[in-house]
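> Pasting a structure here, questions to come.
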Amino acid sequence: MTSTATAHSSRSRTRHTGAAAVALIAAAALLAGCGSEDTSDNPLAGEKAEAGTVVVGSNNFAESTLLADIYGEALKAKGIKVTYKHNIGSRETTYGLMKNGTITVLPEYNGSLLAYLDPEAEQKSAEAVNAAVKAKLDKKLTLLESSPAEDKDSVSVNAETARKYNLTASSTLADLEDVAPELVIGGSPEFQTRHQGLEGLKSVYGLEFKSFKALDAGGPLTQAALTRNTVQAADIFTTDPTIVKEKFVVLKDPENLFGFANVTPLVSKDGLSKEGADALNAVSAKLDTKTLLDLDAQVQLEKKDPLDVAKAWLKSAGLD
């Protein structure tokens, strides 16, 4: 499987058009030239981190902000001085800021980062993905240990379908082989023709569905259709809080059709001490997909402050 397939997701954090990248670079230049004295409100200001301070950045979606808060507070617990640059933007921007030393730490997704660095790279295991990323990274950067937590595409079924066919959180895509002909599956239009979509579901798992309904890329149309049983299965991202709210069942993907997207700290080699690296590796060891899904739900559904959620989880995990 190539990372062209693994790049997959239509969501903004995974792939961007060249025009979007140009626009982001222009925006960064414009903001950098504003002459503001206080760069804390300007994540694109481009100033290098102050000596002795770890700058934790995040992309512009809720889960990235939450993960940045988890990383930052874990570092603070070790007496490390931390500042934040939240909601920066896309990978085109954040990777550049990592390279120039503006950001010290960034929550990343290993397979998605590899797809950005090398669109033709194969992704056969999480370990192989990380090794490939490290080989392609700017020499000033490295990855720390990946967590088991992943945020990637999945085939999920609604609660009614799960009850009808006795599908549980332990069920796999292979368990759909006999019942798929009775199910309508939904997803983005491109899901119908991608290997990481209907084609792969058929070739890898032998699944042939009753029909396909074109919706959006794991967004509100897909969520609503699955909730209303317009479709019985759908492409849903694995840490979408709707899974908790609507009691969707995410089917396991033992053949890794949907690639790898393990939450992994991207760090500056010179900007983070061994003690800091150890603290972030300890976070990775404790963070799994189920936990991340619960934390996302607290932020996105219950509207809790991500910093409060981060602190509470670190305390519960013995990492505060």
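Identifiers in the structure tokens: chain A, B, ... in order shown; residue index from 1 per chain; ligand index from 1 in order shown.
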Which residues, written as a ChimeraX atom specification, have at least one atom at most 9 Å from Lys290 (chain A), with only C-alpha atoms counted and residues fewer than 6 positions away on the same chain left out?
/A:149,238-239
> Find the residues near region 241-258 of chain A: any atom within 10 Å, counting only C-alpha atoms, skip ones fewer than 5 places away on the same chain, and give them as a PDB file with N, CA and C atoms, in the first residue's frame.

```
ATOM      1  N   MET A   1       0.858  -1.196   0.000  1.00  0.00           N
ATOM      2  CA  MET A   1       0.000   0.000   0.000  1.00  0.00           C
ATOM      3  C   MET A   1       0.881   1.229   0.000  1.00  0.00           C
ATOM      4  N   ALA A   5      -2.286   6.308  -1.074  1.00  0.00           N
ATOM      5  CA  ALA A   5      -3.549   5.815  -0.513  1.00  0.00           C
ATOM      6  C   ALA A   5      -3.693   6.254   0.918  1.00  0.00           C
ATOM      7  N   THR A   6      -2.581   6.225   1.668  1.00  0.00           N
ATOM      8  CA  THR A   6      -2.663   6.549   3.076  1.00  0.00           C
ATOM      9  C   THR A   6      -2.910   8.023   3.302  1.00  0.00           C
ATOM     10  N   ALA A   7      -2.512   8.854   2.380  1.00  0.00           N
ATOM     11  CA  ALA A   7      -2.777  10.285   2.536  1.00  0.00           C
ATOM     12  C   ALA A   7      -4.264  10.525   2.638  1.00  0.00           C
ATOM     13  N   HIS A   8      -5.019   9.767   1.885  1.00  0.00           N
ATOM     14  CA  HIS A   8      -6.460   9.600   1.904  1.00  0.00           C
ATOM     15  C   HIS A   8      -7.287  10.773   2.347  1.00  0.00           C
ATOM     16  N   SER A   9      -7.386  11.024   3.645  1.00  0.00           N
ATOM     17  CA  SER A   9      -8.460  11.817   4.221  1.00  0.00           C
ATOM     18  C   SER A   9      -8.667  13.139   3.518  1.00  0.00           C
ATOM     19  N   GLN A 123       3.581   2.170   3.546  1.00  0.00           N
ATOM     20  CA  GLN A 123       3.284   2.206   4.975  1.00  0.00           C
ATOM     21  C   GLN A 123       2.842   0.813   5.402  1.00  0.00           C
ATOM     22  N   LYS A 124       3.822  -0.010   5.818  1.00  0.00           N
ATOM     23  CA  LYS A 124       3.545  -1.402   6.139  1.00  0.00           C
ATOM     24  C   LYS A 124       3.359  -1.653   7.628  1.00  0.00           C
ATOM     25  N   SER A 125       3.907  -0.796   8.462  1.00  0.00           N
ATOM     26  CA  SER A 125       3.743  -0.913   9.906  1.00  0.00           C
ATOM     27  C   SER A 125       3.999   0.443  10.525  1.00  0.00           C
ATOM     28  N   LYS A 152      -8.074   8.147  12.248  1.00  0.00           N
ATOM     29  CA  LYS A 152      -8.030   7.811  10.826  1.00  0.00           C
ATOM     30  C   LYS A 152      -9.404   7.354  10.358  1.00  0.00           C
ATOM     31  N   ASP A 153      -9.498   7.064   9.076  1.00  0.00           N
ATOM     32  CA  ASP A 153     -10.756   6.581   8.519  1.00  0.00           C
ATOM     33  C   ASP A 153     -11.126   5.235   9.121  1.00  0.00           C
ATOM     34  N   SER A 154     -12.416   4.972   9.187  1.00  0.00           N
ATOM     35  CA  SER A 154     -12.903   3.664   9.624  1.00  0.00           C
ATOM     36  C   SER A 154     -14.232   3.391   8.953  1.00  0.00           C
ATOM     37  N   VAL A 155     -14.609   2.121   8.932  1.00  0.00           N
ATOM     38  CA  VAL A 155     -15.992   1.784   8.632  1.00  0.00           C
ATOM     39  C   VAL A 155     -16.684   1.574   9.967  1.00  0.00           C
ATOM     40  N   SER A 156     -17.686   2.392  10.228  1.00  0.00           N
ATOM     41  CA  SER A 156     -18.454   2.292  11.464  1.00  0.00           C
ATOM     42  C   SER A 156     -19.912   2.019  11.128  1.00  0.00           C
ATOM     43  N   VAL A 157     -20.573   1.310  12.028  1.00  0.00           N
ATOM     44  CA  VAL A 157     -21.999   1.024  11.842  1.00  0.00           C
ATOM     45  C   VAL A 157     -22.782   1.688  12.960  1.00  0.00           C
ATOM     46  N   ASN A 158     -24.061   1.978  12.694  1.00  0.00           N
ATOM     47  CA  ASN A 158     -24.873   2.606  13.734  1.00  0.00           C
ATOM     48  C   ASN A 158     -25.345   1.569  14.749  1.00  0.00           C
ATOM     49  N   ALA A 159     -25.903   2.066  15.850  1.00  0.00           N
ATOM     50  CA  ALA A 159     -26.281   1.182  16.949  1.00  0.00           C
ATOM     51  C   ALA A 159     -27.314   0.148  16.514  1.00  0.00           C
ATOM     52  N   GLU A 160     -28.258   0.553  15.686  1.00  0.00           N
ATOM     53  CA  GLU A 160     -29.297  -0.373  15.223  1.00  0.00           C
ATOM     54  C   GLU A 160     -28.695  -1.525  14.421  1.00  0.00           C
ATOM     55  N   THR A 161     -27.777  -1.207  13.535  1.00  0.00           N
ATOM     56  CA  THR A 161     -27.125  -2.236  12.725  1.00  0.00           C
ATOM     57  C   THR A 161     -26.259  -3.138  13.595  1.00  0.00           C
ATOM     58  N   ALA A 162     -25.562  -2.538  14.558  1.00  0.00           N
ATOM     59  CA  ALA A 162     -24.726  -3.329  15.460  1.00  0.00           C
ATOM     60  C   ALA A 162     -25.559  -4.345  16.237  1.00  0.00           C
ATOM     61  N   ARG A 163     -26.709  -3.907  16.723  1.00  0.00           N
ATOM     62  CA  ARG A 163     -27.595  -4.836  17.459  1.00  0.00           C
ATOM     63  C   ARG A 163     -28.112  -5.939  16.548  1.00  0.00           C
ATOM     64  N   LEU A 167     -22.719  -6.950  16.211  1.00  0.00           N
ATOM     65  CA  LEU A 167     -21.408  -6.350  16.017  1.00  0.00           C
ATOM     66  C   LEU A 167     -21.018  -5.554  17.259  1.00  0.00           C
ATOM     67  N   THR A 168     -19.792  -5.738  17.716  1.00  0.00           N
ATOM     68  CA  THR A 168     -19.311  -5.070  18.924  1.00  0.00           C
ATOM     69  C   THR A 168     -17.984  -4.380  18.634  1.00  0.00           C
ATOM     70  N   ALA A 169     -17.445  -3.742  19.658  1.00  0.00           N
ATOM     71  CA  ALA A 169     -16.157  -3.060  19.505  1.00  0.00           C
ATOM     72  C   ALA A 169     -15.036  -4.033  19.177  1.00  0.00           C
ATOM     73  N   SER A 170     -15.258  -5.326  19.384  1.00  0.00           N
ATOM     74  CA  SER A 170     -14.260  -6.341  19.050  1.00  0.00           C
ATOM     75  C   SER A 170     -14.421  -6.870  17.629  1.00  0.00           C
ATOM     76  N   SER A 171     -15.484  -6.482  16.959  1.00  0.00           N
ATOM     77  CA  SER A 171     -15.736  -6.976  15.604  1.00  0.00           C
ATOM     78  C   SER A 171     -14.790  -6.326  14.601  1.00  0.00           C
ATOM     79  N   THR A 172     -14.503  -7.039  13.529  1.00  0.00           N
ATOM     80  CA  THR A 172     -13.619  -6.537  12.490  1.00  0.00           C
ATOM     81  C   THR A 172     -14.389  -6.357  11.185  1.00  0.00           C
ATOM     82  N   LEU A 173     -13.734  -5.745  10.230  1.00  0.00           N
ATOM     83  CA  LEU A 173     -14.349  -5.578   8.915  1.00  0.00           C
ATOM     84  C   LEU A 173     -14.682  -6.928   8.282  1.00  0.00           C
ATOM     85  N   ALA A 174     -13.888  -7.934   8.589  1.00  0.00           N
ATOM     86  CA  ALA A 174     -14.161  -9.262   8.039  1.00  0.00           C
ATOM     87  C   ALA A 174     -15.510  -9.804   8.494  1.00  0.00           C
ATOM     88  N   ASP A 175     -15.978  -9.342   9.650  1.00  0.00           N
ATOM     89  CA  ASP A 175     -17.264  -9.802  10.169  1.00  0.00           C
ATOM     90  C   ASP A 175     -18.437  -9.277   9.360  1.00  0.00           C
ATOM     91  N   LEU A 176     -18.190  -8.344   8.449  1.00  0.00           N
ATOM     92  CA  LEU A 176     -19.256  -7.806   7.610  1.00  0.00           C
ATOM     93  C   LEU A 176     -19.462  -8.600   6.318  1.00  0.00           C
ATOM     94  N   HIS A 195      -8.731   2.918  -3.112  1.00  0.00           N
ATOM     95  CA  HIS A 195      -8.338   1.663  -2.476  1.00  0.00           C
ATOM     96  C   HIS A 195      -8.725   1.716  -0.995  1.00  0.00           C
ATOM     97  N   GLN A 196      -8.470   2.868  -0.363  1.00  0.00           N
ATOM     98  CA  GLN A 196      -8.906   3.052   1.018  1.00  0.00           C
ATOM     99  C   GLN A 196     -10.376   3.471   0.989  1.00  0.00           C
ATOM    100  N   GLY A 197     -11.186   2.611   0.440  1.00  0.00           N
ATOM    101  CA  GLY A 197     -12.615   2.829   0.257  1.00  0.00           C
ATOM    102  C   GLY A 197     -13.228   1.538  -0.227  1.00  0.00           C
ATOM    103  N   GLY A 200     -10.810  -1.221  -1.827  1.00  0.00           N
ATOM    104  CA  GLY A 200     -10.024  -1.970  -0.863  1.00  0.00           C
ATOM    105  C   GLY A 200     -10.875  -2.857   0.028  1.00  0.00           C
ATOM    106  N   LEU A 201     -12.052  -2.367   0.398  1.00  0.00           N
ATOM    107  CA  LEU A 201     -12.944  -3.180   1.223  1.00  0.00           C
ATOM    108  C   LEU A 201     -13.320  -4.474   0.497  1.00  0.00           C
ATOM    109  N   VAL A 204      -9.586  -6.504  -0.127  1.00  0.00           N
ATOM    110  CA  VAL A 204      -8.909  -6.942   1.097  1.00  0.00           C
ATOM    111  C   VAL A 204      -9.821  -7.776   1.989  1.00  0.00           C
ATOM    112  N   TYR A 205     -11.079  -7.361   2.118  1.00  0.00           N
ATOM    113  CA  TYR A 205     -11.992  -8.030   3.047  1.00  0.00           C
ATOM    114  C   TYR A 205     -13.147  -8.761   2.360  1.00  0.00           C
ATOM    115  N   GLY A 219     -18.039  14.048   7.680  1.00  0.00           N
ATOM    116  CA  GLY A 219     -18.605  15.258   8.251  1.00  0.00           C
ATOM    117  C   GLY A 219     -20.069  15.122   8.627  1.00  0.00           C
ATOM    118  N   PRO A 220     -20.774  16.251   8.766  1.00  0.00           N
ATOM    119  CA  PRO A 220     -22.142  16.237   9.276  1.00  0.00           C
ATOM    120  C   PRO A 220     -23.125  15.455   8.409  1.00  0.00           C
ATOM    121  N   GLN A 223     -22.428  11.786   9.269  1.00  0.00           N
ATOM    122  CA  GLN A 223     -22.867  11.527  10.641  1.00  0.00           C
ATOM    123  C   GLN A 223     -24.385  11.446  10.724  1.00  0.00           C
ATOM    124  N   ALA A 224     -25.078  12.388  10.078  1.00  0.00           N
ATOM    125  CA  ALA A 224     -26.540  12.425  10.117  1.00  0.00           C
ATOM    126  C   ALA A 224     -27.147  11.214   9.417  1.00  0.00           C
ATOM    127  N   LEU A 226     -25.854   8.263   9.021  1.00  0.00           N
ATOM    128  CA  LEU A 226     -25.646   7.063   9.830  1.00  0.00           C
ATOM    129  C   LEU A 226     -26.565   7.068  11.047  1.00  0.00           C
ATOM    130  N   THR A 227     -26.739   8.234  11.654  1.00  0.00           N
ATOM    131  CA  THR A 227     -27.628   8.350  12.813  1.00  0.00           C
ATOM    132  C   THR A 227     -29.072   8.027  12.432  1.00  0.00           C
ATOM    133  N   ALA A 233     -23.727   1.772   7.373  1.00  0.00           N
ATOM    134  CA  ALA A 233     -22.281   1.807   7.595  1.00  0.00           C
ATOM    135  C   ALA A 233     -21.741   3.055   6.918  1.00  0.00           C
ATOM    136  N   ALA A 234     -20.634   3.575   7.433  1.00  0.00           N
ATOM    137  CA  ALA A 234     -20.101   4.812   6.862  1.00  0.00           C
ATOM    138  C   ALA A 234     -18.637   4.982   7.214  1.00  0.00           C
ATOM    139  N   ASP A 235     -17.965   5.821   6.419  1.00  0.00           N
ATOM    140  CA  ASP A 235     -16.586   6.215   6.683  1.00  0.00           C
ATOM    141  C   ASP A 235     -16.605   7.324   7.733  1.00  0.00           C
ATOM    142  N   ILE A 236     -16.202   6.965   8.955  1.00  0.00           N
ATOM    143  CA  ILE A 236     -16.182   7.903  10.084  1.00  0.00           C
ATOM    144  C   ILE A 236     -14.778   7.923  10.656  1.00  0.00           C
ATOM    145  N   LYS A 290      -9.384   4.898  22.306  1.00  0.00           N
ATOM    146  CA  LYS A 290     -10.586   5.019  23.132  1.00  0.00           C
ATOM    147  C   LYS A 290     -10.487   6.222  24.069  1.00  0.00           C
ATOM    148  N   LEU A 292      -8.553   8.929  23.643  1.00  0.00           N
ATOM    149  CA  LEU A 292      -8.591  10.161  22.856  1.00  0.00           C
ATOM    150  C   LEU A 292     -10.006  10.477  22.410  1.00  0.00           C
ATOM    151  N   LEU A 293     -10.755   9.463  22.046  1.00  0.00           N
ATOM    152  CA  LEU A 293     -12.151   9.661  21.653  1.00  0.00           C
ATOM    153  C   LEU A 293     -12.949  10.259  22.806  1.00  0.00           C
ATOM    154  N   ASP A 294     -12.739   9.750  24.011  1.00  0.00           N
ATOM    155  CA  ASP A 294     -13.440  10.272  25.180  1.00  0.00           C
ATOM    156  C   ASP A 294     -13.049  11.722  25.464  1.00  0.00           C
ATOM    157  N   LEU A 295     -11.763  12.019  25.354  1.00  0.00           N
ATOM    158  CA  LEU A 295     -11.298  13.383  25.602  1.00  0.00           C
ATOM    159  C   LEU A 295     -11.842  14.345  24.545  1.00  0.00           C
ATOM    160  N   ASP A 296     -11.862  13.910  23.282  1.00  0.00           N
ATOM    161  CA  ASP A 296     -12.440  14.739  22.215  1.00  0.00           C
ATOM    162  C   ASP A 296     -13.905  15.021  22.477  1.00  0.00           C
ATOM    163  N   ALA A 297     -14.620  14.005  22.956  1.00  0.00           N
ATOM    164  CA  ALA A 297     -16.048  14.185  23.236  1.00  0.00           C
ATOM    165  C   ALA A 297     -16.256  15.227  24.332  1.00  0.00           C
ATOM    166  N   GLN A 298     -15.391  15.212  25.335  1.00  0.00           N
ATOM    167  CA  GLN A 298     -15.518  16.198  26.411  1.00  0.00           C
ATOM    168  C   GLN A 298     -15.346  17.621  25.879  1.00  0.00           C
ATOM    169  N   VAL A 299     -14.410  17.786  24.958  1.00  0.00           N
ATOM    170  CA  VAL A 299     -14.142  19.112  24.410  1.00  0.00           C
ATOM    171  C   VAL A 299     -15.208  19.524  23.396  1.00  0.00           C
ATOM    172  N   GLN A 300     -15.527  18.621  22.472  1.00  0.00           N
ATOM    173  CA  GLN A 300     -16.366  19.003  21.340  1.00  0.00           C
ATOM    174  C   GLN A 300     -17.864  18.853  21.593  1.00  0.00           C
ATOM    175  N   LEU A 301     -18.249  17.922  22.453  1.00  0.00           N
ATOM    176  CA  LEU A 301     -19.670  17.741  22.750  1.00  0.00           C
ATOM    177  C   LEU A 301     -20.080  18.410  24.051  1.00  0.00           C
ATOM    178  N   GLU A 302     -19.246  18.234  25.078  1.00  0.00           N
ATOM    179  CA  GLU A 302     -19.576  18.809  26.384  1.00  0.00           C
ATOM    180  C   GLU A 302     -19.056  20.232  26.527  1.00  0.00           C
TER     181      GLU A 302
END
```
> Report, in Å to a single decimal, how far apart CA of Leu144 (chain A) and CA of Asn281 (chain A) are.
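That distance, rounded to one decimal, is 6.5 Å.
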> Restricting the calculation to only C-alpha atoms: of A:Ser268, A:Ser147, A:Ser273, A:Ser211, which residue gets closest to Lys286 (chain A)?
A:Ser147
> With 9 Å as the cut-off and only C-alpha atoms counted, what is the closest atom pair between each nearby residue of region 201-291 of chain A and region 137-142 of chain A? Distances in Å to one decimal, ordered by chain and number, as a tab-separated table.

```
residue	atom	partner	partner_atom	distance
A:Pro265	CA	A:Thr142	CA	8.6
A:Leu266	CA	A:Thr142	CA	6.0
A:Val267	CA	A:Thr142	CA	5.6
A:Ser268	CA	A:Leu141	CA	4.6
A:Lys269	CA	A:Leu141	CA	5.4
A:Asp270	CA	A:Lys140	CA	7.3
```
> What does the file look like for those residues with N, CA, C and O atoms, as a short mmCIF file (atom, residue, chain, number, x, y, z; two decimals), in the first residue's frame?

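Contents of result01.cif, as written:
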```
data_model
loop_
_atom_site.label_atom_id
_atom_site.label_comp_id
_atom_site.auth_asym_id
_atom_site.auth_seq_id
_atom_site.Cartn_x
_atom_site.Cartn_y
_atom_site.Cartn_z
N PRO A 265 4.53 12.75 18.91
CA PRO A 265 5.15 14.08 19.06
C PRO A 265 6.26 14.30 18.03
O PRO A 265 7.17 13.48 17.88
N LEU A 266 6.17 15.41 17.30
CA LEU A 266 7.24 15.88 16.44
C LEU A 266 7.98 16.96 17.22
O LEU A 266 7.36 17.91 17.71
N VAL A 267 9.31 16.81 17.36
CA VAL A 267 10.04 17.71 18.26
C VAL A 267 11.34 18.19 17.62
O VAL A 267 11.90 17.57 16.72
N SER A 268 11.81 19.31 18.15
CA SER A 268 13.12 19.84 17.81
C SER A 268 14.17 19.09 18.63
O SER A 268 14.06 19.00 19.85
N LYS A 269 15.18 18.56 17.96
CA LYS A 269 16.21 17.80 18.66
C LYS A 269 16.91 18.64 19.72
O LYS A 269 17.20 18.16 20.83
N ASP A 270 17.23 19.88 19.39
CA ASP A 270 17.99 20.73 20.31
C ASP A 270 17.09 21.49 21.28
O ASP A 270 17.58 22.03 22.28
#
```
> Tell me, as a PyMOL selection string, which residues lie within 10 Å of Ser146 (chain A), counting only C-alpha atoms; anything in the same chain fewer than 5 positions away does not count.
chain A and resi 108-110+126-127+130+261-266+280-281+283-285+287
> Would you kindly return, as a ChimeraX atom specification, each protein, DNA or RNA residue with an atom no farther than 7 Å from any atom of Gly89 (chain A), considering only C-alpha atoms and excluding same-chain residues fewer than 5 positions away?
/A:59-60,94
> Restricted to N, CA, C and O atoms, what would the selected residues look like written as a CSV table (one decimal), in the first residue's frame?

```
chain,number,residue,atom,x,y,z
A,59,ASN,N,-2.2,22.5,15.3
A,59,ASN,CA,-2.9,22.8,14.0
A,59,ASN,C,-4.3,23.4,14.3
A,59,ASN,O,-4.7,23.4,15.5
A,60,ASN,N,-5.0,23.8,13.3
A,60,ASN,CA,-6.3,24.5,13.5
A,60,ASN,C,-7.5,23.6,13.6
A,60,ASN,O,-8.4,23.8,12.8
A,94,THR,N,2.8,24.6,9.8
A,94,THR,CA,3.4,24.2,11.1
A,94,THR,C,4.8,23.5,10.9
A,94,THR,O,5.7,23.7,11.7
```
> Env of Gly57 (chain A): 8 Å cut, atoms = only C-alpha atoms, seq-sep filter 3 positions within chain, self excluded. Answer as a ChimeraX atom specification.
/A:68,84-88,94,103-107
> Given the selection you just returned, output its residues as a file containing C-alpha atoms, formatted as a PDB file, in the first residue's frame.

```pdb
ATOM      1  CA  ALA A  68      -0.922  20.274  22.467  1.00  0.00           C
ATOM      2  CA  TYR A  84       1.699  27.743  23.444  1.00  0.00           C
ATOM      3  CA  LYS A  85       0.999  28.699  19.847  1.00  0.00           C
ATOM      4  CA  HIS A  86      -2.442  27.257  19.152  1.00  0.00           C
ATOM      5  CA  ASN A  87      -4.523  26.996  15.977  1.00  0.00           C
ATOM      6  CA  ILE A  88      -1.685  27.816  13.622  1.00  0.00           C
ATOM      7  CA  THR A  94       3.416  24.180  11.063  1.00  0.00           C
ATOM      8  CA  ILE A 103       7.847  25.737  17.509  1.00  0.00           C
ATOM      9  CA  THR A 104       9.587  23.102  19.629  1.00  0.00           C
ATOM     10  CA  VAL A 105       6.858  20.465  19.919  1.00  0.00           C
ATOM     11  CA  LEU A 106       3.887  19.624  17.708  1.00  0.00           C
ATOM     12  CA  PRO A 107       1.353  16.772  17.940  1.00  0.00           C
TER      13      PRO A 107
END
```
> Give the answer as one residue: which of A:Thr289, A:Ser58, A:Thr65, A:Thr53 has the shortest atom-to-atom distance to Tyr95 (chain A), using only C-alpha atoms?
A:Ser58
> Please determine, counting only C-alpha atoms, which residue among A:Glu199, A:Asp278, A:Glu208, A:Glu73 has the shortest atom-to-atom distance to Pro181 (chain A).
A:Glu208
> Looking only at the backbone, which of the residues in region 115-246 of chain A does DSSP tag as helix (DSSP H, G or I), as a ChimeraX atom specification?
/A:115-117,126-136,159-165,173-176,180-182,189-192,195-205,220-227,242-246
> Using Å and a single decimal, report how far CA of Asp151 (chain A) sits from CA of Val184 (chain A).
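Distance between the two atoms: 23.7 Å.
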> Taking only region 22-178 of chain A into account, list the residues labelled strand (DSSP E) by DSSP (computed from the backbone), as a list of chain:residue names.
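So the strand (DSSP E) residues in region 22-178 of chain A would be A:Thr53, A:Val54, A:Val55, A:Val56, A:Gly57, A:Lys81, A:Val82, A:Thr83, A:Tyr84, A:Lys85, A:Val105, A:Leu106, A:Pro107, A:Glu108, A:Tyr109, A:Leu141, A:Thr142, A:Leu143, A:Val155, A:Ser156, A:Val157.
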> Please measure the separation of CA of Gly111 (chain A) and CA of Thr193 (chain A), giving the value in Å to one decimal.
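Spanning CA of Gly111 (chain A) to CA of Thr193 (chain A) is a straight-line distance of 20.9 Å.
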